[in-house]
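Below is one structure; the comments refer to it alone.
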Amino acid sequence: MRTILIATAIVCAISLGSCSDESRPAEPTPRQVGVVVAKPEPLVQGGAITGEVRARVQTDLSFRVSGKIIERLVEVGQSVRAGQLLARIDPEEQKADLDVAAANLQSAEAQQTQAQLAFDRQQSLFRTQVTTRAALDQAQEALLTAQASTKSAQALFETAQDSLSYTELKADADGVITARNAEVGQVAQAAQVVFTLAHDGDRDAVFEVVESAFLRPIDGDGTVALLSDPTQKITAKVREISPTIDSSTGTIKVKVAISSDAPIPLGAPVVGRFNYLSQDVIQLPWSAMTSKDGKPAIWIVDPTSSVVSARTIDVADYETGSFVVKSGVSAGEVVVTDGTKFLRPGEIVSYVKEASK
């Protein structure tokens, strides 16, 4: 009987020991995550922008007097030479003004001739003591008045001649007509644009771009190529960047110099490519980004304790598949790139260091 009791006690002790071991919680296995070591690396960035080819010098041609257009002699796309007649307005009004000015000039010249004869006669009489000094002075005054009237009439005649010449619109340089804004029969006002003339010579590729695209310095020259034939690339240099922003589009105008020998026609759509100066930055993959208090953040692993903590960062730029860190992480720090969704601050993780991205 005693033997049975001893055996029973041993069995109960073993059972209680087993129950005690099973009720004790197992140690959690550290979460396996992927990491990279932050390391500054040179980043070469660039961009592509689209625009069109324009003449370096482009002028708007207009009549200097108002009138009805009676003749138009050129079309859009036509090459013209300096001094070539482009259009003409009805000159009848200007011809009438010229006739009036010519008549006034002839009358003034006749009065001047009479005044000159009278003065000469008074001079002769005064030398012979026949006339008085007052009469001579009066004749001289009449002559000076007649001479002034003649000069005034001459100026009005020349102005009338110029007005008549302004009824003909001529090209001021060799070039190509790129736009026409008036037709035969239309009454054109003085200074109203009738034609746009693109001068022969060097050309520019003109781009409308956002301001941030050129806030960083450009590394050397860029390239320009036709959209229809991107294989023909032409080296081009940024010639002018507008200092003001277009209020209607929110962009700035950038002009890139193109040689006149380049096989790119006026008005052709082109694509320009350029690179920024290389700079050392810390670049991390998209998977490393998380959020903390509504701001971009990353998970940092303490290499001594393997404990993770979330840290907010400033992002300088977003690239395809990665982002550039402006501040918030230093070289040599371990950043979690895989498994960030389930991490908690203070959690211990398991990881194997990989090559920096």
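Identifiers for the structure tokens are assigned positionally: chains receive A, B, ... in sequence, residues are indexed from 1 per chain, and ligands are indexed from 1 in the order shown.
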Practice task
Would you kindly return, as a ChimeraX atom specification, each protein, DNA or RNA residue with an atom no farther than 6 Å from any atom of Ala297 (chain A), considering only C-alpha atoms and excluding same-chain residues fewer than 6 positions away?
Solution key: /A:289-291,311-313
Practice task
Considering only C-alpha atoms, return as a VMD selection string whatever protein or nucleic-acid residues lie within 12 Å of region 113-125 of chain A, sequence-local ones (same chain, fewer than 3 positions apart) excluded.
Solution key: chain A and resid 106 to 110 128 to 150
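Of the residues under consideration (A:Lys95, A:Arg203, A:Arg180, A:Arg239), A:Lys95 shows the shortest atom-to-atom contact distance to Ala160 (chain A) when counting only C-alpha atoms.
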Exercise for the section: Run DSSP on the backbone and give me the residues of region 24-258 of chain A it puts in strand (DSSP E or B), as an MDAnalysis selection string. Expected result: chainID A and resid 31:37 41:43 46:55 58:62 67:72 79:80 85:89 168:170 175:180 187:188 193:199 203:209 218 222:226 233:241 252:258
Handout entry: Pairwise distance for CA of Tyr318 (chain A) and CA of Glu333 (chain A), rounded to one decimal in Å
Key =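 Answer for the CA of Tyr318 (chain A) to CA of Glu333 (chain A) separation: 20.7 Å.
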Practice task
Measuring atom to atom with only C-alpha atoms, identify which of A:Thr304, A:Gln283, A:Ser322, A:Thr196 is nearest to Arg54 (chain A).
Solution key: A:Thr196
Practice task
Have a look at CA of Thr249 (chain A) and CA of Glu319 (chain A) and let me know their distance in Å, one decimal.
Solution key: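 One can read the CA of Thr249 (chain A) to CA of Glu319 (chain A) distance as 25.1 Å.
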Completion exercise
Expressed in Å, the length from CA of Glu92 (chain A) to CA of Gln111 (chain A) is 28.9 Å
Practice task
Mind the document's chain letters and residue numbers, and return as a PyMOL selection string the residues of region 62-229 of chain A that DSSP labels helix (DSSP H, G or I).
Solution key: chain A and resi 92-127+133-165+211-214
Completion exercise
If you count only C-alpha atoms, the residue of A:Val336, A:Ala268, A:Leu169, A:Leu343 closest to Val194 (chain A) turns out to be A:Leu169
Practice task
Using only C-alpha atoms, pick whichever of A:Val324, A:Trp286, A:Pro345, A:Lys255 has the shortest atom-to-atom distance to Val307 (chain A).
Solution key: A:Pro345
Near Leu227 (chain A), within 8 Å and counting only C-alpha atoms, which residues show up once chain neighbours fewer than 4 positions away are dropped, as a compact mmCIF listing (two decimals) with N, CA and C atoms, in the first residue's frame?
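Writing done, so here's selection_37.txt:
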```
# COMPACT_ATOMS: atom_id res chain seq x y z
N PRO A 269 8.89 71.31 -83.12
CA PRO A 269 8.88 70.90 -81.71
C PRO A 269 10.14 70.11 -81.37
N VAL A 270 10.77 70.46 -80.27
CA VAL A 270 12.03 69.83 -79.89
C VAL A 270 11.97 69.43 -78.42
N VAL A 271 12.88 68.55 -78.04
CA VAL A 271 13.04 68.14 -76.65
C VAL A 271 14.47 68.47 -76.22
```
Quick one: everything within 7 Å of Gly67 (chain A), counting only C-alpha atoms, minus sequence neighbours fewer than 4 positions away in the same chain. Send it as a PDB file with all heavy atoms, in the first residue's frame.
```pdb
ATOM      1  N   ILE A  89      -1.391  99.940 -98.222  1.00  0.00           N
ATOM      2  CA  ILE A  89      -2.709 100.466 -97.890  1.00  0.00           C
ATOM      3  C   ILE A  89      -3.071 101.583 -98.877  1.00  0.00           C
ATOM      4  O   ILE A  89      -2.199 102.116 -99.580  1.00  0.00           O
ATOM      5  CB  ILE A  89      -2.775 100.998 -96.443  1.00  0.00           C
ATOM      6  CG1 ILE A  89      -1.817 102.168 -96.249  1.00  0.00           C
ATOM      7  CG2 ILE A  89      -2.487  99.898 -95.444  1.00  0.00           C
ATOM      8  CD1 ILE A  89      -1.923 102.820 -94.868  1.00  0.00           C
ATOM      9  N   ASP A  90      -4.341 101.944 -98.938  1.00  0.00           N
ATOM     10  CA  ASP A  90      -4.826 102.967 -99.861  1.00  0.00           C
ATOM     11  C   ASP A  90      -4.122 104.293 -99.574  1.00  0.00           C
ATOM     12  O   ASP A  90      -4.254 104.855 -98.480  1.00  0.00           O
ATOM     13  CB  ASP A  90      -6.334 103.117 -99.689  1.00  0.00           C
ATOM     14  CG  ASP A  90      -6.943 104.018-100.757  1.00  0.00           C
ATOM     15  OD1 ASP A  90      -6.174 104.569-101.571  1.00  0.00           O
ATOM     16  OD2 ASP A  90      -8.172 104.168-100.772  1.00  0.00           O
ATOM     17  N   VAL A 187      -9.304  97.407 -92.544  1.00  0.00           N
ATOM     18  CA  VAL A 187      -8.764  98.711 -92.169  1.00  0.00           C
ATOM     19  C   VAL A 187      -7.761  98.499 -91.045  1.00  0.00           C
ATOM     20  O   VAL A 187      -8.123  98.063 -89.948  1.00  0.00           O
ATOM     21  CB  VAL A 187      -9.872  99.676 -91.732  1.00  0.00           C
ATOM     22  CG1 VAL A 187      -9.266 100.996 -91.255  1.00  0.00           C
ATOM     23  CG2 VAL A 187     -10.844  99.922 -92.864  1.00  0.00           C
ATOM     24  N   ALA A 188      -6.522  98.776 -91.333  1.00  0.00           N
ATOM     25  CA  ALA A 188      -5.456  98.580 -90.352  1.00  0.00           C
ATOM     26  C   ALA A 188      -5.185  99.879 -89.622  1.00  0.00           C
ATOM     27  O   ALA A 188      -5.100 100.948 -90.239  1.00  0.00           O
ATOM     28  CB  ALA A 188      -4.189  98.084 -91.050  1.00  0.00           C
ATOM     29  N   GLN A 189      -5.061  99.777 -88.308  1.00  0.00           N
ATOM     30  CA  GLN A 189      -4.720 100.941 -87.501  1.00  0.00           C
ATOM     31  C   GLN A 189      -3.196 101.071 -87.414  1.00  0.00           C
ATOM     32  O   GLN A 189      -2.460 100.102 -87.577  1.00  0.00           O
ATOM     33  CB  GLN A 189      -5.317 100.804 -86.101  1.00  0.00           C
ATOM     34  CG  GLN A 189      -6.831 100.676 -86.088  1.00  0.00           C
ATOM     35  CD  GLN A 189      -7.535 101.891 -86.667  1.00  0.00           C
ATOM     36  OE1 GLN A 189      -7.098 103.027 -86.447  1.00  0.00           O
ATOM     37  NE2 GLN A 189      -8.601 101.668 -87.411  1.00  0.00           N
TER      38      GLN A 189
END
```
Problem - A:Ala191, A:Ala198, A:Ala101, A:Ala288 ranked by distance to Asp162 (chain A), top pick (using only C-alpha atoms) - result: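 Counting only C-alpha atoms, the residue closest to Asp162 (chain A) is A:Ala101.
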Exercise for the section: With a distance cut-off of 10 Å and only C-alpha atoms, select the neighbouring residues of Gly77 (chain A), excluding the residue or stretch itself and same-chain residues fewer than 2 positions from it, and output the selection as a list in words. Expected result: Val74, Glu75, Ser79, Val80, Gly175, Val176, Ile177, Thr178, Ala179, Arg180, Leu197, Ala198 and Leu266 of chain A
With C-alpha atoms retained, could you export that selection as a PDB file, in the first residue's frame?
```
ATOM      1  CA  VAL A  74       3.507  87.615 -99.163  1.00  0.00           C
ATOM      2  CA  GLU A  75       2.264  84.480 -97.415  1.00  0.00           C
ATOM      3  CA  SER A  79      11.257  83.987 -97.344  1.00  0.00           C
ATOM      4  CA  VAL A  80      11.720  87.725 -97.894  1.00  0.00           C
ATOM      5  CA  GLY A 175      13.957  86.365 -92.917  1.00  0.00           C
ATOM      6  CA  VAL A 176      10.794  84.296 -93.000  1.00  0.00           C
ATOM      7  CA  ILE A 177       7.203  85.425 -92.469  1.00  0.00           C
ATOM      8  CA  THR A 178       5.898  83.399 -89.515  1.00  0.00           C
ATOM      9  CA  ALA A 179       2.516  85.036 -88.887  1.00  0.00           C
ATOM     10  CA  ARG A 180      -0.085  87.182 -90.695  1.00  0.00           C
ATOM     11  CA  LEU A 197       9.174  88.331 -89.365  1.00  0.00           C
ATOM     12  CA  ALA A 198      11.734  85.814 -88.101  1.00  0.00           C
ATOM     13  CA  LEU A 266      11.705  77.182 -87.454  1.00  0.00           C
TER      14      LEU A 266
END
```
Problem - Option closest in space to Gly267 (chain A), from A:Asp221, A:Gly51, A:Ala103, A:Lys326 [counting only C-alpha atoms] - result: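 Of A:Asp221, A:Gly51, A:Ala103, A:Lys326, the one nearest Gly267 (chain A) is A:Gly51, counting only C-alpha atoms.
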Practice task
Show which residues sit within 10 Å of Leu85 (chain A), as a PyMOL selection string. Count only C-alpha atoms, and ignore same-chain residues fewer than 3 positions away.
Solution key: chain A and resi 72-74+80-82+88+168-172
Problem - Contacts of Pro263 (chain A) at 12 Å (only C-alpha atoms; same-chain gap of 3+ positions) as a PyMOL selection string - result: chain A and resi 53+202-203+224-226+229+232-234+258-260+266+268+270
Go ahead and write the selection's residues with N, CA and C atoms as a JSON list (two decimals), in the first residue's frame.
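Writing the result to part39.json gives the following:
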```json
[["chain", "number", "residue", "atom", "x", "y", "z"],
["A", 53, "VAL", "N", 11.40, 75.75, -81.77],
["A", 53, "VAL", "CA", 12.51, 76.53, -82.31],
["A", 53, "VAL", "C", 11.99, 77.87, -82.82],
["A", 202, "ASP", "N", 21.11, 83.00, -86.25],
["A", 202, "ASP", "CA", 21.04, 82.03, -85.15],
["A", 202, "ASP", "C", 19.62, 81.90, -84.62],
["A", 203, "ARG", "N", 19.36, 80.73, -84.05],
["A", 203, "ARG", "CA", 18.03, 80.43, -83.55],
["A", 203, "ARG", "C", 18.11, 79.98, -82.09],
["A", 224, "VAL", "N", 19.67, 69.25, -77.70],
["A", 224, "VAL", "CA", 18.36, 69.51, -78.28],
["A", 224, "VAL", "C", 18.17, 68.57, -79.45],
["A", 225, "ALA", "N", 16.99, 67.98, -79.54],
["A", 225, "ALA", "CA", 16.70, 67.04, -80.63],
["A", 225, "ALA", "C", 15.26, 67.22, -81.07],
["A", 226, "LEU", "N", 15.01, 66.92, -82.33],
["A", 226, "LEU", "CA", 13.64, 66.96, -82.85],
["A", 226, "LEU", "C", 12.81, 65.86, -82.21],
["A", 229, "ASP", "N", 12.65, 63.08, -84.63],
["A", 229, "ASP", "CA", 13.88, 62.34, -84.87],
["A", 229, "ASP", "C", 14.83, 62.54, -83.69],
["A", 232, "GLN", "N", 19.04, 62.58, -83.75],
["A", 232, "GLN", "CA", 19.90, 63.69, -84.13],
["A", 232, "GLN", "C", 19.94, 64.70, -82.99],
["A", 233, "LYS", "N", 20.95, 64.59, -82.16],
["A", 233, "LYS", "CA", 21.10, 65.47, -81.00],
["A", 233, "LYS", "C", 22.10, 66.57, -81.31],
["A", 234, "ILE", "N", 21.75, 67.77, -80.91],
["A", 234, "ILE", "CA", 22.60, 68.94, -81.15],
["A", 234, "ILE", "C", 22.97, 69.54, -79.80],
["A", 258, "ILE", "N", 20.95, 77.77, -80.49],
["A", 258, "ILE", "CA", 21.15, 76.76, -81.54],
["A", 258, "ILE", "C", 21.81, 77.45, -82.72],
["A", 259, "SER", "N", 22.80, 76.83, -83.26],
["A", 259, "SER", "CA", 23.48, 77.41, -84.42],
["A", 259, "SER", "C", 22.55, 77.45, -85.62],
["A", 260, "SER", "N", 22.74, 78.47, -86.47],
["A", 260, "SER", "CA", 21.92, 78.58, -87.67],
["A", 260, "SER", "C", 22.19, 77.44, -88.65],
["A", 266, "LEU", "N", 12.45, 76.30, -88.35],
["A", 266, "LEU", "CA", 11.71, 77.18, -87.45],
["A", 266, "LEU", "C", 10.35, 76.57, -87.10],
["A", 268, "ALA", "N", 9.76, 74.02, -85.27],
["A", 268, "ALA", "CA", 9.77, 72.58, -85.04],
["A", 268, "ALA", "C", 9.71, 72.28, -83.54],
["A", 270, "VAL", "N", 10.77, 70.46, -80.27],
["A", 270, "VAL", "CA", 12.03, 69.83, -79.89],
["A", 270, "VAL", "C", 11.97, 69.43, -78.42]]
```
